[in-house]
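Asks: Would you mind keeping the following structure in view while I ask a few things?
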Amino acid sequence: MRLSIYRFNPETDAEPYMQDYDVALEPGDKMLLDVLLRIKDLDDTLSMRKSCREGVCGSDAMNINGKNGLACITKLTDLKEPVVVRPLPGLPVVRDLVVDMTQFFKQYHSVKPYLVNDEPPPATERLQSPEDREKLDGLYECVLCGACTTSCPSFWWNPDKFVGPAGLLQAYRFIADSRDQATDERLDNLEDPYRLYKCHNIMNCVDVCPKGLSPSKAIGKIKELKLKRLTK
Amino acid sequence: MVKSHALRLWLAQRITGALMAIYALMVGSVLYVQHPTEYGTWKALFSTGWMRAATLVFVLSLVWHAWLGMHDILIDYVKPALAHRILKNLVVLSLAVYAVWSMRILWSI
C-alpha cells in the first residue's frame, strides 16, 4: 500500500514536506492505524498520537485523503491509493501528524462542560427519568477528537472567538441535561456574534464526525431555545 | 434589547429568507398561470397594488438579507480595519442604490 504522509519537524525542517511510503500489508492489517504503526516500526521519526486503537479515545484524528477522521476506525478497504495523510487542518502543527489542540480545548472549557447543580447532593446519585436520559443520546458519545471543529471553516477563520462544533455539541449536552440548573447562564454564554452564530450550517462537522453525531442539530436546538426565550 | 442582538440578526436572516422564498413561489405560480408573453400583460401584472407591495417586501428582504450575509463575509475575510470599513460602506451604498433603483423601476411602470 502506498501512502503519502505530511512530515514536519520544526527543529530540523524549514518547511513541511510530503513523504511517500510503500508498505507491505499483513493479513491482520484492517485499519489505517495498523499501517501507520507498521510505518512507525520502519521509521521511528514519524510522530502521531494514538491510544485506544478502537475509536474511543479520540487521539488519532487526522486528515485522511482530504477528510478528517480517526485512523483507528478508517478501513483500509475504503481508502484510495496513495493514501494522503495530513495533520488536522486549522491547528498549529507540533510535529508530523501531531497538532497543538490548546485552542480546541480552550473553546471546549469555555462552555463549562460539567453539570452545574447547587442543590445538596442526594445520598445516592441524581436520578433521571429514562425519557430525560434519552435526550442525551447523540450528544454524550463525543470523544473530543477534534475532527469536526478542525473541518469547520468558521473555526478556521475565528478559532479564538467561535466555539466550534465540538464545543457547541457539549454546550447543548449540558443544556439538555435534566440535572443541570444553569441553562440560562449557558445560553447567555453563547450570545455574542461569534461564539454560536458564526455557525453557518456548512455541515462539514456532520460529514466528518467519526462517531456519526450531528453538531449541526445540537446547534439548531440551542438557537431554538434562545428563540423560545426571546419570545417568552 | 442589546442582550439578544446576535440572535435578532440571525432571526432577521431567516425571516427575510423565508419572505423571499414565499415571493418566489408566489410569482412563480402567477407566471405559470397567467403566462405573460407580451409587455402589456407584464405591465398590468406589476401595476397592481398587491404585486407592488409584495415586490417591495421582496426587495427590502433581499437587501437586508444581502447586508447580513456580506457583513458576515467581511468579518471573516477582511481583517484590516480600514479595508473592512471601506468595503462595508461600499456594500451599504450599493444595496441602498439597488433598493431605490428597484423602487423607481417598479413605480415607473
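FYI, nothing fancy with the C-alpha cells labels: chains A, B, ... in order, residues from 1 per chain, ligands from 1 as they appear.
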Within 12 Å of chain B, which residues of chain A show up when using only C-alpha atoms, listed as a short mmCIF file (atom, residue, chain, number, x, y, z; two decimals) with N, CA, C and O atoms, in the first residue's frame?
Replies:
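The resulting file, part.cif, is shown below:
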```
data_model
loop_
_atom_site.label_atom_id
_atom_site.label_comp_id
_atom_site.auth_asym_id
_atom_site.auth_seq_id
_atom_site.Cartn_x
_atom_site.Cartn_y
_atom_site.Cartn_z
N PRO A 153 -14.89 25.70 8.48
CA PRO A 153 -14.29 26.96 8.02
C PRO A 153 -14.52 28.11 9.01
O PRO A 153 -13.65 28.95 9.18
N SER A 154 -15.66 28.13 9.69
CA SER A 154 -15.91 29.20 10.65
C SER A 154 -14.87 29.16 11.78
O SER A 154 -14.46 30.19 12.29
N PHE A 155 -14.45 27.94 12.15
CA PHE A 155 -13.42 27.80 13.18
C PHE A 155 -12.04 28.19 12.61
O PHE A 155 -11.24 28.80 13.30
N TRP A 156 -11.79 27.85 11.33
CA TRP A 156 -10.50 28.23 10.74
C TRP A 156 -10.33 29.74 10.79
O TRP A 156 -9.25 30.24 11.08
N TRP A 157 -11.41 30.49 10.47
CA TRP A 157 -11.27 31.95 10.40
C TRP A 157 -11.27 32.59 11.79
O TRP A 157 -10.64 33.61 12.00
N ASN A 158 -12.01 32.02 12.73
CA ASN A 158 -12.11 32.65 14.06
C ASN A 158 -11.93 31.65 15.19
O ASN A 158 -12.82 31.48 16.03
N PRO A 159 -10.77 30.97 15.26
CA PRO A 159 -10.61 29.92 16.27
C PRO A 159 -10.61 30.47 17.70
O PRO A 159 -10.91 29.74 18.64
N LYS A 161 -12.59 32.96 18.68
CA LYS A 161 -13.90 33.52 19.05
C LYS A 161 -15.07 32.56 18.87
O LYS A 161 -16.04 32.61 19.61
N PHE A 162 -14.98 31.69 17.87
CA PHE A 162 -16.08 30.75 17.59
C PHE A 162 -15.84 29.46 18.38
O PHE A 162 -14.75 28.89 18.31
N LEU A 187 -27.01 29.70 27.96
CA LEU A 187 -27.50 30.38 26.75
C LEU A 187 -26.89 31.79 26.66
O LEU A 187 -26.52 32.25 25.58
N ASP A 188 -26.78 32.48 27.82
CA ASP A 188 -26.16 33.81 27.83
C ASP A 188 -24.71 33.74 27.36
O ASP A 188 -24.23 34.62 26.65
N ASN A 189 -24.05 32.67 27.77
CA ASN A 189 -22.63 32.48 27.45
C ASN A 189 -22.39 32.34 25.93
O ASN A 189 -21.27 32.48 25.45
N LEU A 190 -23.47 32.06 25.19
CA LEU A 190 -23.32 31.88 23.73
C LEU A 190 -23.94 33.04 22.96
O LEU A 190 -24.35 32.90 21.83
N GLU A 191 -24.01 34.21 23.64
CA GLU A 191 -24.73 35.30 22.99
C GLU A 191 -23.78 36.31 22.35
O GLU A 191 -23.66 36.97 22.44
N ASP A 192 -22.71 36.13 21.72
CA ASP A 192 -22.12 37.28 21.04
C ASP A 192 -22.18 36.93 19.57
O ASP A 192 -22.66 35.86 19.24
N PRO A 193 -21.78 37.82 18.68
CA PRO A 193 -21.97 37.48 17.26
C PRO A 193 -21.10 36.29 16.81
O PRO A 193 -21.31 35.76 15.73
N TYR A 194 -20.14 35.89 17.64
CA TYR A 194 -19.19 34.86 17.20
C TYR A 194 -19.43 33.47 17.79
O TYR A 194 -19.43 32.48 17.07
N ARG A 195 -19.58 33.39 19.10
CA ARG A 195 -19.48 32.09 19.79
C ARG A 195 -20.40 31.02 19.22
O ARG A 195 -20.00 29.88 19.03
N LEU A 196 -21.64 31.40 18.94
CA LEU A 196 -22.61 30.44 18.39
C LEU A 196 -22.96 30.79 16.94
O LEU A 196 -23.00 29.92 16.07
N TYR A 197 -23.18 32.09 16.72
CA TYR A 197 -23.77 32.50 15.44
C TYR A 197 -22.80 32.49 14.27
O TYR A 197 -23.18 32.75 13.15
N LYS A 198 -21.52 32.17 14.51
CA LYS A 198 -20.60 32.03 13.38
C LYS A 198 -20.83 30.70 12.68
O LYS A 198 -20.22 30.42 11.65
N CYS A 199 -21.68 29.85 13.25
CA CYS A 199 -22.05 28.61 12.55
C CYS A 199 -23.00 28.97 11.43
O CYS A 199 -24.05 29.54 11.67
N HIS A 200 -22.59 28.67 10.19
CA HIS A 200 -23.45 28.97 9.05
C HIS A 200 -23.98 27.68 8.41
O HIS A 200 -24.23 27.65 7.21
N GLY A 220 -28.63 23.84 16.17
CA GLY A 220 -30.00 24.25 15.83
C GLY A 220 -30.89 24.27 17.07
O GLY A 220 -31.70 25.17 17.25
N ILE A 222 -29.91 24.73 20.17
CA ILE A 222 -29.53 25.87 21.03
C ILE A 222 -30.19 27.14 20.49
O ILE A 222 -30.78 27.92 21.25
N LYS A 223 -30.14 27.33 19.18
CA LYS A 223 -30.76 28.52 18.57
C LYS A 223 -32.26 28.53 18.84
O LYS A 223 -32.85 29.56 19.14
N GLU A 224 -32.88 27.35 18.76
CA GLU A 224 -34.31 27.21 19.01
C GLU A 224 -34.64 27.65 20.45
O GLU A 224 -35.59 28.40 20.68
N LEU A 225 -33.81 27.17 21.40
CA LEU A 225 -34.04 27.52 22.82
C LEU A 225 -33.87 29.02 23.05
O LEU A 225 -34.62 29.63 23.81
N LYS A 226 -32.89 29.59 22.37
CA LYS A 226 -32.65 31.04 22.53
C LYS A 226 -33.84 31.82 21.98
O LYS A 226 -34.26 32.83 22.55
N LEU A 227 -34.38 31.32 20.89
CA LEU A 227 -35.54 31.97 20.27
C LEU A 227 -36.75 31.87 21.18
O LEU A 227 -37.48 32.85 21.38
N LYS A 228 -36.95 30.70 21.77
CA LYS A 228 -38.08 30.50 22.68
C LYS A 228 -37.97 31.45 23.85
O LYS A 228 -38.96 32.02 24.32
N ARG A 229 -36.73 31.64 24.34
CA ARG A 229 -36.52 32.51 25.49
C ARG A 229 -36.83 33.95 25.13
O ARG A 229 -37.37 34.72 25.93
N LEU A 230 -36.50 34.31 23.88
CA LEU A 230 -36.73 35.69 23.42
C LEU A 230 -38.22 36.00 23.32
O LEU A 230 -38.66 37.10 23.64
N THR A 231 -39.00 35.01 22.87
CA THR A 231 -40.43 35.25 22.65
C THR A 231 -41.26 35.00 23.91
O THR A 231 -42.46 35.16 23.87
#
```
Asks: Write out as CSV a residue-level contact list of segment 43-129 of chain A versus segment 3-22 of chain A with cut-off 12 Å: for each qualifying residue the closest pair of atoms and the distance in Å to one decimal, counting only C-alpha atoms, rows sorted by chain and residue number upward.
Replies:
```
residue,atom,partner,partner_atom,distance
A:Asp43,CA,A:Tyr21,CA,9.8
A:Thr45,CA,A:Asn9,CA,9.3
A:Leu46,CA,A:Arg7,CA,7.5
A:Ser47,CA,A:Arg7,CA,8.6
A:Met48,CA,A:Arg7,CA,10.5
A:Met62,CA,A:Tyr6,CA,10.6
A:Asn63,CA,A:Tyr6,CA,9.9
A:Ile64,CA,A:Ile5,CA,9.6
A:Asn65,CA,A:Ser4,CA,9.6
A:Gly66,CA,A:Ser4,CA,12.0
A:Leu76,CA,A:Leu3,CA,11.4
A:Leu79,CA,A:Leu3,CA,10.3
A:Lys80,CA,A:Leu3,CA,9.8
A:Glu81,CA,A:Leu3,CA,7.0
A:Pro82,CA,A:Leu3,CA,4.9
A:Val83,CA,A:Leu3,CA,4.6
A:Val84,CA,A:Ser4,CA,4.8
A:Val85,CA,A:Ile5,CA,4.8
A:Arg86,CA,A:Tyr6,CA,5.0
A:Pro87,CA,A:Tyr6,CA,7.1
A:Leu88,CA,A:Tyr6,CA,10.7
A:Pro89,CA,A:Tyr6,CA,11.7
A:Pro92,CA,A:Pro10,CA,11.2
A:Val93,CA,A:Phe8,CA,8.0
A:Val94,CA,A:Pro10,CA,7.6
A:Arg95,CA,A:Asn9,CA,5.1
A:Asp96,CA,A:Arg7,CA,4.5
A:Leu97,CA,A:Tyr6,CA,6.9
A:Val98,CA,A:Phe8,CA,9.7
A:Val99,CA,A:Phe8,CA,11.0
```
Asks: Can you list, as a PyMOL selection string, all residues belonging to segment 6-173 of chain A that DSSP tags as strand (DSSP E)?
Replies: chain A and resi 6-7+17-22+61-64+67-70+83-86+93-95+98-99
Asks: Give me the residues near segment 37-45 of chain B as a CSV table (one decimal) with C-alpha atoms, in the first residue's frame, where near means some atom within 12 Å (using only C-alpha atoms) and where sequence neighbours in that chain fewer than 6 positions away do not count.
Replies:
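Result file selection_19.csv:
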```
chain,number,residue,atom,x,y,z
B,27,VAL,CA,-44.6,35.0,-8.6
B,30,VAL,CA,-48.7,33.6,-11.1
B,31,LEU,CA,-46.4,33.4,-14.1
B,51,MET,CA,-47.9,42.9,-6.7
B,52,ARG,CA,-46.1,46.2,-6.0
B,54,ALA,CA,-45.2,42.1,-2.4
B,55,THR,CA,-42.3,43.1,-4.7
B,105,ILE,CA,-38.5,50.8,-11.8
B,106,LEU,CA,-41.4,49.3,-10.0
B,107,TRP,CA,-43.3,52.6,-9.7
B,108,SER,CA,-42.5,53.8,-13.2
B,109,ILE,CA,-44.4,51.0,-15.0
```
Asks: Find the distance between atom CA of Leu70 of chain A and atom CA of Cys145 of chain A and write it in Å to one decimal.
Replies: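 Distance between the two atoms: 7.9 Å.
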